[in-house]
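A.B. asks: Sharing a structure with you now.
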Amino acid sequence: MLDEEGMDTFIEKHFTRSAFRLEVLPRYTVDSDQGNVTSYLAGDPEPSWAHGGPWFDHLAEERAAGRRRYRVHIVTPPLSDYLRYECEWGYVYTTAAGEEVYILDTSETTPPTDDLLDHDWWLLDDQHVLRMHYDAEGRFLGAEPLPASAAGAYRMCRDALMETAVPFRDWWGRHPQYRRKGQDGAL
């Protein structure tokens, strides 16, 4: 099992062309995010990093180099406070910086049950799989590199999800009810 640093090293080593991520949890408890989540829920203005910063520069550099970073997040309404935060203070900005985010809203679309691997994972360059492990509160426990023989099932799942999920910007534009009061959730 890899810790966060080991996971980051694994991803950097194996992500040369594509990095796909499936997210299925309604919240992730990340220590570095907690202040931002609290600010978001308190109605504070968008954070200062929202329109720039090292992570957004990194995403833009990946895109410019022809490396594709994309994800599907399976959501079930009503959205948790964390998912509202992740959409409004996360995905709005990461998509502008070059990440592709797709939403599979279970109230609008049935997940592809035949091929669904319903846990969080990364698929890097279509060959390397990291299965993510979290506790009941959404705290990261570790990332488990899976054998190369597992990649085929994860590619099939990814392909099925990409056929049914919709681009974040389209989905977010149709769902103003998830934005904080008085916020336009500009795209």
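Residues are referred to by chain and number: the chain letter is A, B, ... according to the order shown in the structure tokens, the number counts from 1 in that chain, and ligands are numbered separately from 1 in the order shown.
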I'd like the neighbourhood of segment 27-36 of chain A as a ChimeraX atom specification, where a residue qualifies if any of its atoms comes within 8 Å (using only C-alpha atoms), though same-chain residues fewer than 6 positions away should be ignored.
C.D. replies: /A:47,80,82-83,137-140
A.B. asks: May I have the selected residues written with C-alpha atoms, as a CSV table (one decimal), in the first residue's frame?
C.D. replies:
chain,number,residue,atom,x,y,z
A,47,PRO,CA,-10.2,31.7,-2.5
A,80,SER,CA,-23.1,16.6,0.0
A,82,TYR,CA,-18.2,18.6,0.2
A,83,LEU,CA,-19.3,17.8,-3.3
A,137,GLU,CA,-15.2,9.4,6.6
A,138,GLY,CA,-13.4,9.7,3.3
A,139,ARG,CA,-9.9,9.8,4.7
A,140,PHE,CA,-7.2,8.4,2.4
A.B. asks: Leaving out Val129 of chain A and any residue of its chain fewer than 4 positions from it, which residues lie within 8 Å of it when counting only C-alpha atoms, given as a list in words?
C.D. replies: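 Everything that qualifies: Trp121, Trp122, Leu123, Leu124, Pro145, Leu146, Pro147, Ala148, Ala150, Ala151 and Tyr154 of chain A.
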A.B. asks: Next, write the just-selected residues to a file, as a PDB file, in the first residue's frame, keeping C-alpha atoms as the atom set.
C.D. replies:
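part-v5.pdb, freshly written:
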ATOM      1  CA  TRP A 121      -9.055   4.282  -8.697  1.00  0.00           C
ATOM      2  CA  TRP A 122      -6.535   5.678 -11.163  1.00  0.00           C
ATOM      3  CA  LEU A 123      -5.699   4.220 -14.586  1.00  0.00           C
ATOM      4  CA  LEU A 124      -2.397   5.545 -15.918  1.00  0.00           C
ATOM      5  CA  PRO A 145      -0.895  -0.835  -7.188  1.00  0.00           C
ATOM      6  CA  LEU A 146      -2.697  -3.692  -8.934  1.00  0.00           C
ATOM      7  CA  PRO A 147      -1.085  -6.246 -11.241  1.00  0.00           C
ATOM      8  CA  ALA A 148      -0.912  -5.424 -14.957  1.00  0.00           C
ATOM      9  CA  ALA A 150      -6.135  -6.002 -13.887  1.00  0.00           C
ATOM     10  CA  ALA A 151      -5.822  -3.122 -16.370  1.00  0.00           C
ATOM     11  CA  TYR A 154     -10.401  -0.958 -15.535  1.00  0.00           C
TER      12      TYR A 154
END
A.B. asks: Check the smallest atom-to-atom distance from each of A:Gly43, A:Pro77, A:Gly152, A:Pro167 to Ile103 of chain A using only C-alpha atoms, then report the winner.
C.D. replies: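 Closest candidate: A:Pro167.
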A.B. asks: Calculate how many Å separate atom CA of Gly90 of chain A from atom CA of Thr106 of chain A, rounding to one decimal.
C.D. replies: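 Interatomic distance here is 20.7 Å.
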A.B. asks: Quick one: residues within 12 Å of Glu5 of chain A, only C-alpha atoms counted, chain neighbours fewer than 6 positions away excluded, as a PyMOL selection string?
C.D. replies: chain A and resi 11-12+140+142-143
A.B. asks: With only C-alpha atoms as the basis for distance, which of A:Arg84, A:Arg158, A:His128, A:His119 is at the shortest distance from Arg179 of chain A?
C.D. replies: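 Closest residue, counting only C-alpha atoms: A:Arg84.
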